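Chemist: Sharing a structure here in C-alpha cells format.
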Amino acid sequence: MNSVIDNNQALRHEVEQVAEVAGYLWQKGWAERNGGNITVNVTDTITDAERALPAIAGPFEIGFVLPHLKDAWFFCKGTQKRMRDLARWPMENGSLIRITEDCAHYEIVADNPVKPTSELPSHLAMHDYLLSVGSPYRASVHTHPIELVAMSHNPEFLKKDVLSKLLWSMIPETKAFAPRGLGMVPYLMPSGNELAEATIATVKDNYDVVMWEKHGVFAVDEDVMSAFDQIDVLNKAANIYMCARSMGFVPDGMTDEQMNELTVTFKLPK
C-alpha cells in the first residue's frame, strides 16, 4: 500500500522532520520507552486530493471544542509508540488526523489506524490557542531532557525567570537561540487538563519553552526542528552548569551587561 506522503513532497518533508527529531530525542536519552510527544500542524501541506480521502478510523472525541482547528490536519506520534520507532517508521508509529467540522472530534486519515498520543487534547488545545492569536508556530514537542528535569528538583530554580537567567549566562548561544527563556509550571498530574491549561497560560506569558516540574519540557515553534533546537540549547546550558558544579565550583556566568549586549546586538526579545 502506498503511503499518503508518497506523492506530497511538502507533507513528506514535515513527517521526515518529525522522524529526525524523534531520533535525536531517543539518542539523547530524553525519550525512554514511549515517553514524549510531537504534534505538528500540517494543514498547509494538504492537497485537495488528500482532503477528499475517507477516514480510516473515527471520529473520536477530543474532549474540548476547539473552534480555530476546524478542518485542520496534524501529524502526531501514536499512543504508546516509542520515539526510536517513530524515527525509523514514522507512518507506522504516527497518525495523520483531521479535525472535524464540529471542532470537537478527529478522524484518522492515514496510513494505519494508530490512535494519536493520549496527550492529544492538550496538544490540540495549545494549537488552537496559537491559531487564535495569529501565531506562526505550528509544532509542539514534549520531552524529558535529563539536566533540565534534574534542575527542576531545586525549589529555587522554580521561581520566575531564575533558571532562565542562569541558563542564558552559561553560554551566549542560549540567549541567542532561546531568547524567551524557560517558563515554569509547578508539578501537576501528567496528561491532565489542569497541566494543559497551565502550559497555555505560561505560553501566553511570552515563553516558547515550558518546564514541567520534575517531569519534562513542552516547546512550541514554527517547525519541529526549531522547537527541538530551543530545548537542546537550554539543556546544553544546564549541562554546562552541572559540569562546573561537579568540578567543585559555582560557574560565574556572563554578567547582566554581557547578556544585555547580546540582546541589543542580535535584536532579541527583552
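For the C-alpha cells, the naming scheme is as follows: chains receive sequential letters (A, B, ...) according to their order of presentation, residues are indexed from 1 within each chain, and ligands are indexed from 1 in presentation order.
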If we count only C-alpha atoms and set the cut-off at 8 Å, which residues sit around stretch 126-133 of chain A, ignoring sequence neighbours fewer than 2 positions away in its own chain? Please answer as a PyMOL selection string.

Modeler: chain A and resi 41+66-69+122-124+135-138+196+200

Chemist: Sorted by chain and rising residue number, list the residues of stretch 195-249 of chain A at most 6 Å from stretch 177-185 of chain A (counting only C-alpha atoms), each with its closest atom pair and distance in Å to one decimal, as JSON lines.

Modeler:
{"residue": "A:Tyr207", "atom": "CA", "partner": "A:Arg180", "partner_atom": "CA", "distance": 5.4}
{"residue": "A:Val209", "atom": "CA", "partner": "A:Leu182", "partner_atom": "CA", "distance": 5.3}
{"residue": "A:Val210", "atom": "CA", "partner": "A:Gly183", "partner_atom": "CA", "distance": 4.5}
{"residue": "A:Met211", "atom": "CA", "partner": "A:Met184", "partner_atom": "CA", "distance": 4.9}
{"residue": "A:Trp212", "atom": "CA", "partner": "A:Val185", "partner_atom": "CA", "distance": 5.1}
{"residue": "A:Gln230", "atom": "CA", "partner": "A:Ala178", "partner_atom": "CA", "distance": 5.3}

Chemist: Tell me which of A:Thr47, A:Ser118, A:Thr174, A:Ser140 sits closest to A:Glu222, counting only C-alpha atoms.

Modeler: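 Smallest separation from A:Glu222 among the options: A:Ser140.
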
Chemist: Just want the 7 Å neighbourhood of stretch 91-105 of chain A, counted on only C-alpha atoms, with same-chain residues fewer than 5 positions away dropped. Output as a list of chain:residue names.

Modeler: A:Pro59, A:Phe60, A:Glu61, A:Ile62, A:Gly63, A:Phe64, A:Val65, A:Leu66, A:Pro67, A:Leu69, A:Lys70, A:Asp71, A:Ala72, A:Trp73, A:Phe74, A:Phe75, A:Cys76, A:Lys77, A:Gly78, A:Lys81, A:Asp85, A:Leu86, A:Ala110, A:Asp111, A:Asn112, A:Val114, A:Lys115, A:Pro116

Chemist: So, counting only C-alpha atoms, which residue among A:Ile240, A:Leu163, A:Met254, A:Ile46 is closest to A:Ala10?

Modeler: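 Using only C-alpha atoms, the shortest distance to A:Ala10 belongs to A:Ile46.
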
Chemist: Quote the spacing between atom CA of A:Asp205 and atom CA of A:Leu158 in Å to one decimal place.

Modeler: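 About the pair atom CA of A:Asp205 and atom CA of A:Leu158: they are 15.5 Å apart.
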
Chemist: Select, from A:Ala87, A:Val233, A:Val42, A:Val250, the residue with the minimum atom-to-atom distance to A:Pro172, counting only C-alpha atoms.

Modeler: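 Comparing A:Ala87, A:Val233, A:Val42, A:Val250 against A:Pro172, the winner is A:Val233.
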
Chemist: Using only C-alpha atoms, pick whichever of A:Leu268, A:Ala55, A:Asp48, A:Ser226 has the shortest atom-to-atom distance to A:Val109.

Modeler: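 Ranking A:Leu268, A:Ala55, A:Asp48, A:Ser226 by distance to A:Val109, first place goes to A:Ala55.
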
Chemist: Which of these residues is nearest to A:Gly35, using only C-alpha atoms: A:Ile5, A:Val217, A:Ile171, A:Leu166?

Modeler: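 Looking only at the distances to A:Gly35, the closest residue turns out to be A:Val217.
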
Chemist: Write out as number ranges by chain which residues come within 12 Å of A:Ala49 when counting only C-alpha atoms, dropping same-chain ones fewer than 6 positions away.

Modeler: A: 4-5, 7-8

Chemist: Taking N, CA, C and O atoms for each residue, export the selection above as a PDB file, in the first residue's frame.

Modeler:
ATOM      1  N   VAL A   4       0.277   7.904   2.063  1.00  0.00           N
ATOM      2  CA  VAL A   4      -0.314   9.158   1.618  1.00  0.00           C
ATOM      3  C   VAL A   4       0.749  10.223   1.393  1.00  0.00           C
ATOM      4  O   VAL A   4       0.531  11.185   0.662  1.00  0.00           O
ATOM      5  N   ILE A   5       1.938  10.038   1.991  1.00  0.00           N
ATOM      6  CA  ILE A   5       3.000  11.035   1.826  1.00  0.00           C
ATOM      7  C   ILE A   5       3.822  10.823   0.555  1.00  0.00           C
ATOM      8  O   ILE A   5       4.634  11.678   0.207  1.00  0.00           O
ATOM      9  N   ASN A   7       3.185  11.019  -2.592  1.00  0.00           N
ATOM     10  CA  ASN A   7       3.008  11.978  -3.682  1.00  0.00           C
ATOM     11  C   ASN A   7       2.857  13.405  -3.192  1.00  0.00           C
ATOM     12  O   ASN A   7       2.423  14.279  -3.944  1.00  0.00           O
ATOM     13  N   ASN A   8       3.230  13.660  -1.942  1.00  0.00           N
ATOM     14  CA  ASN A   8       3.112  15.004  -1.385  1.00  0.00           C
ATOM     15  C   ASN A   8       4.453  15.363  -0.751  1.00  0.00           C
ATOM     16  O   ASN A   8       4.734  15.023   0.398  1.00  0.00           O
TER      17      ASN A   8
END

Chemist: Counting only C-alpha atoms, which of A:Leu11, A:Ala244, A:Ile56, A:Val18 gets nearest to A:Asp44?

Modeler: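 The answer is A:Leu11, which sits nearest to A:Asp44.
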
Chemist: Please list as a list in words every residue within 9 Å of stretch 257-260 of chain A, counting only C-alpha atoms and excluding residues in the same chain fewer than 5 positions away.

Modeler: Trp168, Ser169, Pro172, Lys175, Thr265 and Lys270 of chain A

Chemist: Output N, CA and C atoms for every residue in the selection just made, as a short mmCIF file (atom, residue, chain, number, x, y, z; two decimals), in the first residue's frame.

Modeler:
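See out26.cif below for the written result:
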data_model
loop_
_atom_site.label_atom_id
_atom_site.label_comp_id
_atom_site.auth_asym_id
_atom_site.auth_seq_id
_atom_site.Cartn_x
_atom_site.Cartn_y
_atom_site.Cartn_z
N TRP A 168 20.84 31.35 30.46
CA TRP A 168 21.34 32.33 29.49
C TRP A 168 22.80 32.66 29.76
N SER A 169 23.17 32.71 31.04
CA SER A 169 24.52 33.16 31.41
C SER A 169 25.60 32.12 31.16
N PRO A 172 26.72 32.07 25.32
CA PRO A 172 25.97 33.09 24.58
C PRO A 172 24.86 32.53 23.70
N LYS A 175 21.11 32.51 25.07
CA LYS A 175 20.35 33.75 24.96
C LYS A 175 19.96 34.01 23.51
N THR A 265 22.63 43.48 20.32
CA THR A 265 23.33 43.14 19.08
C THR A 265 22.48 42.28 18.15
N LYS A 270 13.21 41.36 24.76
CA LYS A 270 13.67 41.78 26.10
C LYS A 270 12.74 41.20 27.16
#

Chemist: What's the separation between atom CA of A:Asn239 and atom CA of A:Leu148, in Å to one decimal place?

Modeler: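 We find that atom CA of A:Asn239 and atom CA of A:Leu148 lie 8.2 Å from each other.
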
Chemist: Would you list, as a list in words, the residues of stretch 100-148 of chain A that end up in strand (DSSP E or B) under DSSP run on this structure's backbone?

Modeler: His105, Tyr106, Glu107, Ile108, Val109, Ala110, Pro116, Ala139, Ser140, Val141, His142 and Thr143 of chain A

Chemist: Kindly save the residues from that selection, with C-alpha atoms included, as a short mmCIF file (atom, residue, chain, number, x, y, z; two decimals), in the first residue's frame.

Modeler:
data_model
loop_
_atom_site.label_atom_id
_atom_site.label_comp_id
_atom_site.auth_asym_id
_atom_site.auth_seq_id
_atom_site.Cartn_x
_atom_site.Cartn_y
_atom_site.Cartn_z
CA HIS A 105 -13.74 15.29 17.09
CA TYR A 106 -10.87 14.00 14.96
CA GLU A 107 -10.56 11.29 12.33
CA ILE A 108 -7.51 9.22 11.42
CA VAL A 109 -6.83 9.52 7.70
CA ALA A 110 -3.56 7.64 7.08
CA PRO A 116 -2.50 9.53 18.41
CA ALA A 139 4.86 22.46 16.07
CA SER A 140 4.80 21.27 19.67
CA VAL A 141 7.33 18.95 21.31
CA HIS A 142 7.20 17.36 24.77
CA THR A 143 10.27 15.50 26.00
#

Chemist: Could you tell me how far atom CA of A:Met170 sits from atom CA of A:Gly253, in Å to one decimal place?

Modeler: 5.1 Å
